[in-house]
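Novice: Sharing start-v7.cif below, mmCIF, C-alpha atoms:
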data_start
#
loop_
_atom_site.label_atom_id
_atom_site.label_comp_id
_atom_site.auth_asym_id
_atom_site.auth_seq_id
_atom_site.Cartn_x
_atom_site.Cartn_y
_atom_site.Cartn_z
CA MET A 1 431.07 202.31 -109.61
CA ASN A 2 433.58 205.16 -108.97
CA LYS A 3 434.35 206.70 -105.59
CA LEU A 4 432.12 209.72 -106.14
CA SER A 5 429.21 207.57 -107.04
CA LEU A 6 429.85 205.48 -104.00
CA ARG A 7 429.90 208.52 -101.70
CA THR A 8 426.81 209.95 -103.31
CA GLY A 9 425.12 206.64 -102.96
CA LEU A 10 426.06 206.30 -99.27
CA LEU A 11 424.96 209.87 -98.57
CA THR A 12 421.68 209.29 -100.34
CA ALA A 13 421.20 206.10 -98.42
CA ARG A 14 421.91 207.86 -95.14
CA LEU A 15 419.54 210.64 -96.05
CA LEU A 16 416.94 208.14 -97.04
CA ASN A 17 417.49 206.21 -93.84
CA THR A 18 417.29 209.39 -91.82
CA ARG A 19 414.10 210.30 -93.61
CA ARG A 20 412.77 206.84 -93.07
CA LEU A 21 413.70 207.04 -89.43
CA ALA A 22 412.09 210.43 -89.16
CA VAL A 23 408.97 209.22 -90.89
CA PHE A 24 409.02 206.07 -88.76
CA ALA A 25 409.47 208.12 -85.60
CA ALA A 26 406.74 210.51 -86.60
CA CYS A 27 404.39 207.71 -87.48
CA THR A 28 405.18 205.86 -84.27
CA THR A 29 404.65 208.97 -82.18
CA ALA A 30 401.39 209.64 -83.93
CA LEU A 31 400.24 206.06 -83.51
CA VAL A 32 401.23 205.98 -79.84
CA ALA A 33 399.48 209.29 -79.33
CA MET A 34 396.41 208.04 -81.11
CA GLY A 35 396.57 204.84 -79.12
CA LEU A 36 396.87 206.68 -75.83
CA ALA A 37 394.04 208.94 -76.83
CA ALA A 38 391.92 205.97 -77.78
CA THR A 39 392.80 204.25 -74.49
CA SER A 40 391.82 207.28 -72.48
CA VAL A 41 388.57 207.59 -74.41
CA ARG A 42 387.90 203.92 -73.76
CA ALA A 43 388.72 204.32 -70.08
CA ALA A 44 386.24 207.16 -69.80
CA ASP A 45 383.50 205.38 -71.72
CA LYS A 46 384.21 201.84 -70.66
CA GLU A 47 381.36 200.16 -68.78
CA PRO A 48 382.58 197.87 -66.00
CA ILE A 49 382.05 194.24 -66.81
CA ASN A 50 381.57 191.23 -64.59
CA PRO A 51 384.32 188.81 -65.64
CA ALA A 52 383.44 185.16 -66.01
CA PRO A 53 383.96 183.45 -62.63
CA THR A 54 386.81 180.97 -62.45
CA LEU A 55 387.12 177.67 -60.63
CA LYS A 56 389.10 179.62 -58.02
CA ASP A 57 386.18 182.02 -57.56
CA TYR A 58 383.76 179.15 -57.04
CA SER A 59 386.23 177.33 -54.76
CA ALA A 60 386.51 180.46 -52.62
CA LEU A 61 382.79 180.18 -51.82
CA ALA A 62 383.55 176.99 -49.92
CA THR A 63 385.59 179.01 -47.43
CA LEU A 64 382.55 181.13 -46.49
CA PRO A 65 380.36 180.12 -43.55
CA ASP A 66 377.54 177.70 -44.30
CA TRP A 67 374.31 179.68 -44.49
CA THR A 68 372.34 177.11 -46.49
CA GLY A 69 368.86 176.08 -45.44
CA THR A 70 365.76 178.13 -44.74
CA TRP A 71 365.90 180.87 -42.11
CA THR A 72 362.74 181.38 -40.05
CA PRO A 73 362.28 184.51 -37.94
CA ASP A 74 362.08 184.43 -34.15
CA MET A 75 358.71 186.15 -33.90
CA THR A 76 358.67 186.16 -30.10
CA ASP A 77 361.99 187.98 -30.02
CA GLN A 78 360.85 190.29 -32.82
CA ILE A 79 357.92 191.44 -30.67
CA LYS A 80 360.17 191.68 -27.60
CA GLN A 81 362.64 193.85 -29.52
CA GLU A 82 359.81 196.10 -30.68
CA LYS A 83 358.81 196.70 -27.08
CA THR A 84 362.20 196.85 -25.39
CA ASN A 85 364.35 198.58 -28.00
CA PRO A 86 362.17 200.94 -30.04
CA PRO A 87 363.74 203.29 -32.58
CA PRO A 88 364.85 206.66 -31.17
CA TRP A 89 362.07 208.48 -33.02
CA LYS A 90 362.28 212.26 -33.28
CA PRO A 91 359.56 213.91 -31.17
CA GLU A 92 357.37 214.86 -34.14
CA ILE A 93 357.67 211.33 -35.58
CA ALA A 94 356.95 209.79 -32.17
CA LYS A 95 353.54 211.51 -32.26
CA GLN A 96 352.72 209.72 -35.53
CA ILE A 97 353.94 206.43 -34.06
CA HIS A 98 351.80 206.93 -30.96
CA LYS A 99 348.72 207.42 -33.13
CA MET A 100 349.54 204.31 -35.16
CA TYR A 101 349.74 202.20 -32.03
CA ALA A 102 346.40 203.67 -30.88
CA ASP A 103 344.81 202.93 -34.27
CA GLU A 104 346.20 199.39 -34.21
CA GLU A 105 344.79 198.87 -30.73
CA ALA A 106 341.43 200.19 -31.90
CA GLY A 107 341.35 197.80 -34.84
CA ARG A 108 342.08 200.44 -37.46
CA PRO A 109 345.62 199.38 -38.35
CA PHE A 110 347.67 201.55 -40.66
CA GLU A 111 348.74 199.26 -43.48
CA VAL A 112 352.52 199.33 -43.72
CA ILE A 113 352.65 196.52 -46.30
CA ASP A 114 350.04 197.99 -48.59
CA HIS A 115 349.37 197.75 -52.31
CA CYS A 116 351.27 194.45 -52.33
CA PHE A 117 354.50 196.42 -52.53
CA PRO A 118 357.56 194.65 -51.15
CA THR A 119 358.10 195.26 -47.46
CA GLY A 120 361.44 196.80 -48.43
CA MET A 121 364.52 197.42 -46.35
CA PRO A 122 365.10 197.37 -43.46
CA SER A 123 361.51 196.42 -42.56
CA TRP A 124 361.78 193.04 -44.29
CA MET A 125 364.53 192.01 -41.89
CA LEU A 126 362.76 193.69 -38.93
CA ILE A 127 359.13 192.58 -39.15
CA THR A 128 358.90 189.57 -41.46
CA HIS A 129 356.69 186.65 -40.48
CA ASN A 130 358.10 184.61 -43.32
CA ALA A 131 361.30 182.76 -44.04
CA PHE A 132 364.21 183.61 -46.35
CA GLU A 133 367.17 181.85 -47.89
CA VAL A 134 370.68 183.08 -48.67
CA LEU A 135 372.55 182.20 -51.86
CA PHE A 136 376.30 182.65 -52.41
CA THR A 137 377.66 183.08 -55.93
CA PRO A 138 380.99 184.63 -56.95
CA GLY A 139 380.91 188.33 -56.16
CA ARG A 140 377.41 188.33 -54.76
CA VAL A 141 375.14 187.31 -51.92
CA THR A 142 371.42 187.05 -52.73
CA ILE A 143 368.65 186.90 -50.14
CA LEU A 144 365.31 185.56 -51.33
CA GLY A 145 362.11 185.75 -49.30
CA GLU A 146 358.49 184.73 -49.56
CA GLY A 147 355.05 185.90 -48.57
CA ASP A 148 354.66 188.97 -50.70
CA GLY A 149 356.00 190.53 -53.82
CA ASN A 150 359.62 190.55 -54.92
CA ARG A 151 361.42 189.95 -51.66
CA MET A 152 364.92 189.84 -53.06
CA ARG A 153 368.15 191.49 -52.00
CA ARG A 154 371.24 191.60 -54.19
CA ILE A 155 374.37 192.30 -52.14
CA TYR A 156 377.46 192.83 -54.27
CA THR A 157 380.61 191.45 -52.67
CA ASP A 158 382.92 191.99 -55.66
CA GLY A 159 384.51 195.12 -54.24
CA ARG A 160 382.52 197.63 -56.24
CA PRO A 161 381.48 200.91 -54.63
CA HIS A 162 377.93 202.22 -54.62
CA PRO A 163 377.09 203.94 -57.90
CA ALA A 164 377.44 207.71 -57.85
CA ASP A 165 373.70 208.19 -58.39
CA PRO A 166 371.85 204.89 -57.99
CA ASP A 167 368.18 204.53 -58.84
CA PRO A 168 366.22 204.35 -55.57
CA SER A 169 364.43 201.05 -54.95
CA PHE A 170 362.54 199.13 -52.28
CA HIS A 171 365.64 197.17 -51.26
CA GLY A 172 368.19 199.86 -52.07
CA HIS A 173 371.70 199.34 -53.40
CA SER A 174 373.74 196.99 -51.23
CA ILE A 175 377.47 196.30 -51.19
CA GLY A 176 379.00 193.84 -48.79
CA HIS A 177 382.28 192.44 -47.62
CA TRP A 178 383.29 189.63 -45.33
CA GLU A 179 384.96 190.25 -41.97
CA GLY A 180 385.70 186.72 -40.91
CA GLY A 181 382.35 184.96 -40.79
CA THR A 182 380.40 188.21 -40.74
CA LEU A 183 378.89 189.72 -43.86
CA VAL A 184 378.96 193.50 -43.50
CA ILE A 185 376.31 195.07 -45.73
CA ASP A 186 375.98 198.75 -46.58
CA THR A 187 372.67 199.78 -48.11
CA ILE A 188 371.68 203.14 -49.58
CA ALA A 189 369.34 204.41 -52.31
CA LEU A 190 366.04 203.41 -50.76
CA LEU A 191 362.86 204.94 -52.13
CA PRO A 192 361.72 207.72 -49.77
CA GLN A 193 358.35 205.98 -49.44
CA VAL A 194 359.95 202.82 -48.02
CA TYR A 195 358.99 202.39 -44.39
CA LEU A 196 361.04 202.08 -41.29
CA ALA A 197 358.54 199.79 -39.57
CA VAL A 198 358.41 198.03 -36.22
CA ASN A 199 355.34 195.95 -37.06
CA GLU A 200 352.84 195.59 -39.89
CA ALA A 201 350.76 198.49 -38.58
CA VAL A 202 353.43 200.88 -37.26
CA GLY A 203 355.99 202.44 -39.56
CA ILE A 204 356.98 205.74 -41.17
CA PRO A 205 358.35 206.38 -44.66
CA ASN A 206 362.07 207.09 -44.42
CA ASN A 207 361.52 210.30 -46.43
CA GLY A 208 364.78 210.17 -48.23
CA ASP A 209 368.13 209.54 -46.63
CA MET A 210 368.07 206.20 -44.87
CA HIS A 211 371.35 204.30 -44.61
CA ILE A 212 371.59 200.78 -43.25
CA ILE A 213 374.65 198.90 -42.10
CA GLU A 214 374.16 195.25 -41.21
CA HIS A 215 376.44 192.68 -39.62
CA LEU A 216 374.94 189.32 -40.60
CA HIS A 217 376.57 186.42 -38.81
CA LEU A 218 376.01 183.01 -37.26
CA GLN A 219 375.40 183.19 -33.54
CA GLY A 220 375.72 179.48 -32.95
CA PRO A 221 375.50 176.62 -35.42
CA ASP A 222 371.94 177.24 -36.61
CA THR A 223 371.10 180.77 -35.48
CA LEU A 224 371.64 183.81 -37.67
CA HIS A 225 371.81 187.31 -36.24
CA ASP A 226 371.33 190.50 -38.20
CA ASP A 227 372.79 193.41 -36.24
CA LEU A 228 371.41 196.52 -37.92
CA THR A 229 372.51 200.12 -37.57
CA ILE A 230 369.90 202.33 -39.17
CA THR A 231 370.49 206.01 -39.83
CA ALA A 232 367.49 208.04 -40.98
CA SER A 233 367.89 211.71 -40.12
CA LYS A 234 364.31 212.58 -41.06
CA LEU A 235 362.92 210.10 -38.53
CA LEU A 236 365.50 209.26 -35.91
CA ALA A 237 367.25 211.41 -33.33
CA LYS A 238 370.29 209.14 -33.59
CA PRO A 239 371.22 205.89 -35.33
CA TRP A 240 369.16 202.90 -34.19
CA LEU A 241 370.98 199.69 -33.31
CA THR A 242 368.84 196.58 -33.23
CA THR A 243 369.17 192.85 -33.81
CA ARG A 244 366.89 190.26 -35.37
CA THR A 245 367.23 186.49 -34.99
CA TYR A 246 366.49 183.72 -37.48
CA TYR A 247 366.67 179.94 -37.14
CA ARG A 248 367.92 177.43 -39.67
CA GLN A 249 365.57 174.75 -40.95
CA ARG A 250 366.84 171.93 -43.12
CA ALA A 251 363.65 169.87 -43.48
CA ARG A 252 362.45 170.26 -47.06
CA LYS A 253 358.94 171.17 -45.97
CA TYR A 254 360.40 174.45 -44.72
CA GLU A 255 361.78 175.46 -48.10
CA ILE A 256 360.81 178.84 -49.50
CA VAL A 257 357.58 178.94 -51.50
CA GLU A 258 356.56 181.34 -54.23
CA GLY A 259 354.88 184.49 -52.97
CA VAL A 260 352.87 186.47 -55.49
CA CYS A 261 351.04 189.01 -53.37
CA PRO A 262 348.22 190.05 -55.75
CA GLN A 263 347.17 186.39 -56.03
CA GLY A 264 345.55 186.76 -52.62
CA SER A 265 343.04 189.22 -54.10
CA PHE A 266 341.72 186.60 -56.51
CA ILE A 267 340.02 183.23 -56.42
CA ASP A 268 340.22 180.32 -58.83
CA ALA A 269 337.45 180.57 -61.40
CA LYS A 270 336.43 179.57 -64.91
CA ASP A 271 335.87 182.04 -67.71
CA ALA A 272 332.99 181.92 -70.21
CA ASN A 273 334.95 179.41 -72.32
CA GLY A 274 335.61 177.11 -69.38
CA ASN A 275 339.26 178.13 -69.08
CA ASP A 276 340.88 178.38 -65.69
CA THR A 277 341.27 181.96 -64.60
CA PHE A 278 341.54 184.25 -61.59
CA ALA A 279 338.49 186.24 -60.50
CA PRO A 280 338.65 189.11 -58.00
CA ILE A 281 337.42 188.45 -54.47
CA THR A 282 334.97 190.77 -52.77
CA PHE A 283 336.69 192.83 -50.11
CA HIS A 284 335.41 194.63 -47.07
CA ASP A 285 337.99 197.34 -46.43
CA ASN A 286 341.17 195.29 -46.43
CA VAL A 287 339.82 191.84 -45.72
CA PRO A 288 338.09 189.38 -48.03
CA VAL A 289 334.43 188.88 -47.18
CA GLY A 290 333.02 186.75 -49.92
CA SER A 291 333.97 184.00 -52.32
CA LYS A 292 331.70 185.60 -54.89
CA THR A 293 333.43 187.61 -57.55
CA GLN A 294 332.67 191.28 -57.99
CA MET B 28 330.14 215.78 -66.35
CA ASN B 29 330.23 216.62 -62.70
CA ARG B 30 333.68 215.97 -61.22
CA ALA B 31 332.28 213.99 -58.26
CA ILE B 32 330.31 211.71 -60.58
CA LEU B 33 333.40 211.16 -62.72
CA LYS B 34 335.46 210.32 -59.64
CA GLY B 35 332.78 207.86 -58.52
CA LEU B 36 332.66 206.25 -61.93
CA LEU B 37 336.43 205.91 -62.01
CA ALA B 38 336.42 204.34 -58.55
CA GLY B 39 333.72 201.94 -59.72
CA ILE B 40 335.82 200.92 -62.70
CA VAL B 41 338.85 200.36 -60.49
CA CYS B 42 336.80 198.32 -58.01
CA ALA B 43 335.20 196.29 -60.78
CA SER B 44 338.68 195.34 -61.92
CA GLY B 45 339.36 193.96 -58.44
CA LEU B 46 341.77 196.67 -57.51
CA CYS B 47 339.71 198.75 -55.10
CA ALA B 48 341.92 201.38 -53.58
CA ALA B 49 341.04 200.21 -50.07
CA SER B 50 341.42 196.47 -50.71
CA PHE B 51 344.83 195.09 -50.04
CA ALA B 52 345.62 191.42 -49.94
CA HIS B 53 348.39 192.07 -47.44
CA HIS B 54 347.29 193.74 -44.24
CA SER B 55 347.69 193.65 -40.49
CA PHE B 56 345.56 191.14 -38.55
CA ALA B 57 344.79 193.93 -36.09
CA VAL B 58 341.64 194.46 -38.16
CA TYR B 59 340.28 191.44 -36.31
CA ASP B 60 339.31 191.79 -32.67
CA GLN B 61 342.15 189.96 -30.95
CA THR B 62 340.39 190.24 -27.59
CA LYS B 63 337.52 187.99 -28.73
CA THR B 64 337.45 184.42 -29.95
CA GLN B 65 334.35 183.12 -31.71
CA THR B 66 333.63 179.51 -32.64
CA LEU B 67 331.42 178.38 -35.51
CA LYS B 68 330.63 175.02 -37.07
CA GLY B 69 330.09 174.77 -40.78
CA THR B 70 330.99 173.17 -44.06
CA VAL B 71 333.99 174.19 -46.15
CA LYS B 72 332.92 175.90 -49.35
CA ALA B 73 336.42 176.74 -50.55
CA PHE B 74 339.97 176.99 -49.25
CA GLN B 75 342.35 179.27 -51.04
CA TRP B 76 346.06 178.53 -50.54
CA THR B 77 347.59 181.84 -51.61
CA ASN B 78 350.07 184.48 -50.60
CA PRO B 79 350.14 186.72 -48.78
CA HIS B 80 347.15 185.25 -46.90
CA SER B 81 345.14 182.06 -47.29
CA VAL B 82 341.37 182.16 -47.02
CA LEU B 83 338.76 179.67 -45.85
CA TRP B 84 335.11 180.08 -46.80
CA ILE B 85 332.59 178.13 -44.77
CA MET B 86 328.82 177.82 -44.95
CA VAL B 87 327.19 178.12 -41.55
CA LEU B 88 323.59 177.33 -40.67
CA PRO B 89 322.24 180.22 -38.60
CA ASP B 90 321.12 179.36 -35.07
CA GLY B 91 317.62 180.58 -35.76
CA GLY B 92 317.29 178.53 -38.96
CA GLY B 93 317.24 179.71 -42.52
CA ALA B 94 319.61 179.44 -45.44
CA PRO B 95 323.32 178.76 -44.81
CA GLN B 96 325.42 181.89 -44.54
CA GLU B 97 328.89 182.33 -45.94
CA TRP B 98 331.70 183.23 -43.54
CA THR B 99 335.17 184.26 -44.67
CA ILE B 100 337.98 183.25 -42.36
CA GLU B 101 341.41 184.52 -43.23
CA THR B 102 344.72 183.04 -42.21
CA THR B 103 348.41 183.38 -42.91
CA SER B 104 350.64 182.53 -45.87
CA PRO B 105 351.24 179.04 -47.30
CA GLY B 106 354.87 179.21 -46.14
CA VAL B 107 353.94 179.87 -42.51
CA LEU B 108 351.05 177.37 -42.64
CA THR B 109 353.32 174.68 -44.07
CA ARG B 110 355.66 175.19 -41.16
CA SER B 111 352.63 174.76 -38.87
CA GLY B 112 351.84 171.37 -40.41
CA TRP B 113 349.30 172.36 -43.06
CA THR B 114 349.15 171.51 -46.75
CA ARG B 115 347.02 173.04 -49.49
CA LYS B 116 344.79 169.97 -49.14
CA SER B 117 344.33 170.23 -45.39
CA LEU B 118 340.84 171.62 -45.97
CA ASN B 119 338.61 170.56 -48.83
CA PRO B 120 335.13 171.55 -50.02
CA GLY B 121 332.52 169.62 -48.08
CA ASP B 122 334.66 169.08 -44.98
CA ARG B 123 332.74 169.63 -41.75
CA VAL B 124 334.74 171.95 -39.55
CA SER B 125 334.71 173.91 -36.35
CA VAL B 126 336.61 177.18 -36.62
CA GLU B 127 337.93 179.36 -33.83
CA PHE B 128 338.63 182.89 -34.97
CA HIS B 129 338.99 186.52 -33.99
CA PRO B 130 335.91 188.23 -35.47
CA LEU B 131 335.65 191.38 -37.51
CA ARG B 132 334.77 194.26 -35.22
CA ASP B 133 331.68 195.38 -37.11
CA GLY B 134 329.92 192.03 -36.94
CA SER B 135 330.45 191.19 -40.62
CA HIS B 136 330.77 187.50 -41.40
CA GLY B 137 334.52 187.29 -41.27
CA GLY B 138 337.48 186.77 -39.00
CA GLY B 139 341.11 185.89 -38.54
CA LEU B 140 341.66 182.18 -37.97
CA GLU B 141 343.05 180.86 -34.74
CA ALA B 142 342.42 177.14 -35.27
CA VAL B 143 340.27 174.82 -37.30
CA THR B 144 339.17 171.31 -36.31
CA LEU B 145 338.10 168.75 -38.89
CA LEU B 146 335.02 167.27 -37.22
CA ASP B 147 335.24 163.91 -39.03
CA THR B 148 338.84 163.20 -38.01
CA GLY B 149 339.35 165.39 -34.97
CA GLN B 150 342.49 166.90 -36.52
CA ARG B 151 343.12 170.41 -35.20
CA LEU B 152 345.17 172.81 -37.30
CA GLN B 153 346.49 176.04 -35.90
CA ALA B 154 347.72 179.16 -37.66
CA LYS B 155 350.89 179.92 -35.80
CA PHE B 156 353.09 182.79 -36.90
CA GLY B 157 355.76 181.68 -34.50
CA ALA B 158 355.73 178.05 -35.52
CA ALA B 159 359.43 177.87 -36.29
CA GLU B 160 361.18 179.54 -33.39
CA LYS B 161 363.92 177.01 -32.99
CA PRO B 162 366.31 175.46 -35.48
CA GLY B 163 366.24 172.03 -37.03
CA LEU B 164 362.49 171.40 -36.88
CA GLN B 165 361.05 168.30 -38.54
#
With the file now loaded, output its structure as structure tokens.
Specialist:
Amino acid sequence: MNKLSLRTGLLTARLLNTRRLAVFAACTTALVAMGLAATSVRAADKEPINPAPTLKDYSALATLPDWTGTWTPDMTDQIKQEKTNPPPWKPEIAKQIHKMYADEEAGRPFEVIDHCFPTGMPSWMLITHNAFEVLFTPGRVTILGEGDGNRMRRIYTDGRPHPADPDPSFHGHSIGHWEGGTLVIDTIALLPQVYLAVNEAVGIPNNGDMHIIEHLHLQGPDTLHDDLTITASKLLAKPWLTTRTYYRQRARKYEIVEGVCPQGSFIDAKDANGNDTFAPITFHDNVPVGSKTQ
Amino acid sequence: MNRAILKGLLAGIVCASGLCAASFAHHSFAVYDQTKTQTLKGTVKAFQWTNPHSVLWIMVLPDGGGAPQEWTIETTSPGVLTRSGWTRKSLNPGDRVSVEFHPLRDGSHGGGLEAVTLLDTGQRLQAKFGAAEKPGLQ
């Protein structure tokens, strides 16, 4: 190979290298750009996931206060609270409440817990006659009740915010966080028909914008307090602060039982083929009057 | 078809399906006259252990004679009753009982249970909403 050939060859190689570099750079830039674009598309479209809990997540539950057992409501205190700390009803709402108390007294109670709908929030915590239990799992506290349909609250403690536009429901959307031994719960997105009730015969639908903040905490070794702050601008002149008390039972006979509300409208029966079935009970207004089926 | 007749027919269909618009299994016990307590002796026809309310049907011989009459005595949920010492077998068909109850205001044969005594054993069972107002009960 002569000198000229060598120079030509080196120059060609440099040119080729430069071209390769240019092509490489262009390709890299394009790929990075495409990658970034893809990432940003993914970020926009990406649905949040709940990662699999780790041993650390489960171990962290052991640092939370012990709320196991069955919690039974203090009915005497519930009635006392109703009388001594009523909601600050707006004047026009107070008129409806006054009539409901009169109807209850006269034996014509307005049925707050009608159609076997769940009592809903916050009335479940305020007026329940039945017990509930509290379950801790990573990122969530679940409250399960009994007595009528679907008493269940899911309280997300994984740091998520409320959704921008949550579907309204009987128990609303709840997020919670721990402040020491206190679970602070923020609940929104309640159906407008859900009552703010002070007993089973006195309550008004929240009509649309109710917001509940609860501080749920042990008040002694076996007493749970729910300090509620209820804001409902359609009903209340100002936020209502009230507390309900529940007692811990550990005897197994106190454990929560299934509560399927419509079952109470039926009686055990046999069909034409001798199979076990449910037959509707005869009702007189709201109360059963006969074991005969309709 | 006349609209009123249609409405009536529809209501009849709904009621026949056991879902009468005015019949709710869960209701306030204020429907019963809390100022009065009535006592009746009879024989258990059926006892229904269901949510949201349990129901006791008893057959009562009228004071003036005649065929036994059915009375429907309602009480609270299995969860609350369990915490008051009941089980689903506390009352069985054929048991002779004395029931104390708040009657329906219109004189219909029904009421809200206050207590029931099994006449053969003397056991008295109460329906107490506030049966668990302290912790650690046995």
Novice: Emit as AutoDock Vina command-line options the padded axis-aligned box for all listed atoms of region 111-128 of chain B, 8 Å per side, with centre and edge lengths in Å to one decimal.
Specialist:
--center_x 342.6 --center_y 176.0 --center_z -41.9 --size_x 36.1 --size_y 29.8 --size_z 32.2
Novice: Starting from the PyMOL selection byres ((chain A and resi 243) around 6), expand the selection into actual residues of this file and give them as number ranges by chain.
Specialist: A: 226-228, 242, 244
Novice: Would you mind listing what lies within 9 Å of Arg140 (chain A) as a list in words, with all atoms listed in the file counted and same-chain residues fewer than 3 positions away left out?
Specialist: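 That gives Leu135, Phe136, Thr137, Arg154, Ile155, Tyr156, Thr157, Asp158, Ile175 and Gly176 of chain A.
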Novice: Running the PyMOL selection byres ((chain B and resi 59) around 6) on this model by hand, what would come out? Give it as a ChimeraX atom specification.
Specialist: /B:56-58,60-61,129-131
Novice: Rounded to one decimal, what separation in Å do you get between CA of Gly69 (chain B) and CA of Phe156 (chain B)?
Specialist: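 CA of Phe156 (chain B) lies 24.7 Å from CA of Gly69 (chain B).
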Novice: Since I can't run it myself right now, could you work out what the PyMOL selection byres ((chain B and resi 142) around 7) selects here and report it as a list in words?
Specialist: Val126, Glu127, Phe128, Leu140, Glu141, Val143, Thr144, Arg151, Leu152, Gln153 and Ala154 of chain B
Novice: If we count only C-alpha atoms and set the cut-off at 9 Å, which residues sit around His211 (chain A), ignoring sequence neighbours fewer than 6 positions away in its own chain? Please answer as number ranges by chain.
Specialist: A: 186-190, 229-232
Novice: Rounded to one decimal in Å, what is the spacing between CA of Leu118 (chain B) and CA of Lys155 (chain B)?
Specialist: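 CA of Lys155 (chain B) lies 16.5 Å from CA of Leu118 (chain B).
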Novice: From the list A:Ile127, A:Leu216, A:Lys270, A:Asp209, which residue is nearest Asp77 (chain A) when using only C-alpha atoms?
Specialist: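 Among A:Ile127, A:Leu216, A:Lys270, A:Asp209, it is A:Ile127 that comes nearest to Asp77 (chain A).
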Novice: Could you tell me how far CA of Gly172 (chain A) sits from CA of Val194 (chain A), in Å to one decimal place?
Specialist: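 Taking CA of Val194 (chain A) as the start and CA of Gly172 (chain A) as the end point, the length is 9.6 Å.
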Novice: Between B:Leu108, B:Leu88, B:Leu146, B:Ala94, single out the one closest to Val124 (chain B), counting all atoms listed in the file.
Specialist: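 Comparing B:Leu108, B:Leu88, B:Leu146, B:Ala94 against Val124 (chain B), the winner is B:Leu146.
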